[in-house]
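First comes the structure, then the notes that go with it.
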Amino acid sequence: MSGGLAAYLRWHLRDAALRAFAPVIIAFGLLGIPILTMAQASGWAALRADGDAQRGLLAGYAQLVPTVITLGALLVASGFVAADRDRGYVRFLFSAPVVPWRYYLQRFVVGLTAFVAACALVPIGFGLMITARPVAPVLVSAALYGYLIGALAMLAGALTRRDGAVVLGIVMLSSILQPLAAQAELAGWVEFLAAILPPLGPADAVRGAVLAGRAVDRPALVHVLGYATGMLVSALVLIRRAPLVR
Amino acid sequence: MRAVEEVSFTVGPGEVVGIAGPNGAGKSTLIALLLGLLGPDAGEVTVDGLAPRAFIEREGVAYLPELMTIPLEWHLEEALTRLATLQGIPAGARAAACAQAIEATGIAEHRGKRLKALSKGNLQRLGLAQALLSPRRVVVFDEPTHGLDPVWTARFREIVGGLRAPDRAVLVASHNLDELERIADRVVIVDRGRVQRIVEVRAAQADGAVRAWRIQAAAGHEALLAHLPEAARRGALVDCRADVAALNRGLAAAIAEGALVTAVVPAESVLEEAFRTAVSG
């Protein structure tokens with residue numbers, strides 16, 4: 001790593017922290033507002049002592065965490081490479097003695113780390129307001145999902161200008177087709193399509209197991225990590241070899 | 001469609017070379033090739049014997065693009081600090097390098113402003129400032145005076161003059177021929193993606209070069225026509241083509257016969273003339 005790029009880490013950290021907090025703020029908005037409303041009506045002590053209210057809030061929390069992780073990963077990852085190219089930032093960034101693929105790899109790692117750290121605030125915040133929730137499963141789930149979506153976004157950004165729309169389309173298509181393919185007989189080409197798309201279905205299954213504290217399906221985990229790594233490496237190779245401007 | 005083809009020229013250390021051409025001639029594509037942002041389909045681009053990206057990844061270039069394309073939510077000082085960091089300027093020297101570049105480009109009063117609050121000219125000065133952050137062996141300016149007022153256009157020429165160094169190659173792409181004629185040693189004229197002509201500006205400006213002149217006279221036009229080479233009358237003016245010595249001999253002879261000369265100016269700059277013939281041909 002060049003000296004300039006290593007020193008630039010603090011700017012990457014700053015940028016990543018600002019982006020990573022956006023989904024967490026949305027999460028607090030979605031869950032925090034009902035909690036605050038309830039607490040205002042009955043008081044914090046009564047809310048914490050109310051078993052029914054707690055069960056309802058825990059159910060909300062269980063639904064919210066995967067949503068925050070998915071939306072957060074999409075928000076954090078979009079525009080990762082494509083925006084720099086589209087807006088012409090690459091002209092400034094890469095007239096400096098910096099290797100572009102290393103720059104984006106550093107940005108990816110820092111962005112993923114910041115996203116995972118920001119997601120930890122959701123169980124911590126919930127614990128402070130209502131009742132303690134384990135942080136580690138949220139961290140693991142966020143890391144897995146952030147890695148998969150981030151790698152997909154990086155590859156989409158290396159290939160196209162419209163990376164956000166491409167990633168969203170692929171995520172939606174995968175999320176619909178892969179669970180269907182796992183449960184029912186589909187036409188051959190649909191099954192093939194479901195098999196070659198990024199493994200959002202297996203990632204959902206792994207995340208569900210991690211968050212519920214169940215045993216993780218190892219082949220599914222390997223599939224997700226392997227696919228994500230393949231996309232990340234492909235993206236870095238493309239950044240290295242393809243023209244930086246279009 | 002090919003943006004550029006059959007382009008061949010070199011820029012040596014110590015030289016300031018211009019690239020001139022009409023809009024869409026291929027100037028920006030040439031610069032993108034030189035910076036390794038694009039790769040050639042055929043042929044080779046090298047910087048100090050290396051592929052452009054290999055050279056830039058090793059030591060960087062000072063580059064000012066036509067438009068300042070950096071995130072506009074950044075503050076001016078933050079933008080310079082970020083770019084200084086990426087350029088590998090050590091932490092201890094970064095603040096001084098930024099302060100010096102800010103001073104040289106006269107943008108100190110905008111130090112704390114967001115880039116979106118800056119005028120086009122001030123953004124261009126910021127672009128110039130970041131290009132001056134660290135001494136590079138290769139300097140590339142793409143339409144550098146775009147958006148600059150006349151005062152800063154003149155100041156830019158001084159800055160380029162200050163950048164001349166025996167181990168430094170400076171390349172300036174511009175459609176402003178007057179500017180290129182003042183700062184460049186050679187100008188590569190590009191049109192329709194091809195090099196149309198390479199003009200040795202300094203040599204063409206030398207006394208021995210034949211140039212077009214326009215002479216204004218109050219009397220004695222016939223004497224001027226008789227003694228000046230390739231002379232033709234246009235009302236109160238006489239146009240001719242001559243080197244400086246022949247021009248002076250002709251003028252002296254005409255004045256001796258009663259010509260009353262009020263002004264002598266180049267009819268067209270060396271570069272304008274070359275550009276016109278290269279691009280129209």
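Ligands are numbered from 1 in the order shown, chains are lettered A, B, ... in the order of the structure tokens, and residues start at 1 in each chain.
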Compute the chain B side of the contact with chain A at 7 Å, counting only C-alpha atoms, and hand it back as a PyMOL selection string.
-> chain B and resi 37-39+56-63+69-70+85-88
May I have the residues within 7 Å of region 118-127 of chain A as a list in words, using only C-alpha atoms and disregarding those fewer than 6 positions away in the same chain?
-> Ala20, Phe21, Val24, Arg133, Pro134, Val135, Val138, Leu139 and Ala142 of chain A
Taking 4 positions as the minimum chain separation for residues in the same chain, which residues sit within 10 Å of Gly213 (chain A) when counting only C-alpha atoms? Answer as a PDB file with C-alpha atoms, in the first residue's frame.
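Output (result_39.pdb):
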ATOM      1  CA  PRO A 134     -27.151  -9.910  21.820  1.00  0.00           C
ATOM      2  CA  PRO A 137     -25.392 -12.067  15.854  1.00  0.00           C
ATOM      3  CA  ARG A 207     -28.731 -14.550   8.535  1.00  0.00           C
ATOM      4  CA  GLY A 208     -32.006 -15.897   9.902  1.00  0.00           C
ATOM      5  CA  ALA A 209     -30.164 -18.746  11.613  1.00  0.00           C
TER       6      ALA A 209
END
Please provide the set of residues having any atom within 6 Å of region 186-192 of chain B, restricted to only C-alpha atoms, with same-chain residues fewer than 5 positions apart removed, written as a PyMOL selection string.
-> chain B and resi 17-21+25+197-201
Where does DSSP see alpha helix (DSSP H) in region 156-241 of chain A, if you list the residues as an NGL selection string?
-> :A and (156-159 or 163-183 or 188-196 or 200-212 or 218-241)
Just the strand (DSSP E) stuff from region 10-179 of chain B, please, per backbone DSSP, written as a PyMOL selection string.
-> chain B and resi 16-20+62-64+138-142+169-173
Between A:Ala41, A:Gly201, A:Arg162, A:Phe108, single out the one closest to Pro179 (chain A), counting only C-alpha atoms.
->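 Looking only at the distances to Pro179 (chain A), the closest residue turns out to be A:Gly201.
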Could you give me, as a list of chain:residue names, the residues within 9 Å of Met38 (chain A), counting only C-alpha atoms and dropping anything in the same chain fewer than 6 positions from it?
->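 The contact residues come out as A:Trp44, A:Leu47, A:Ala53.
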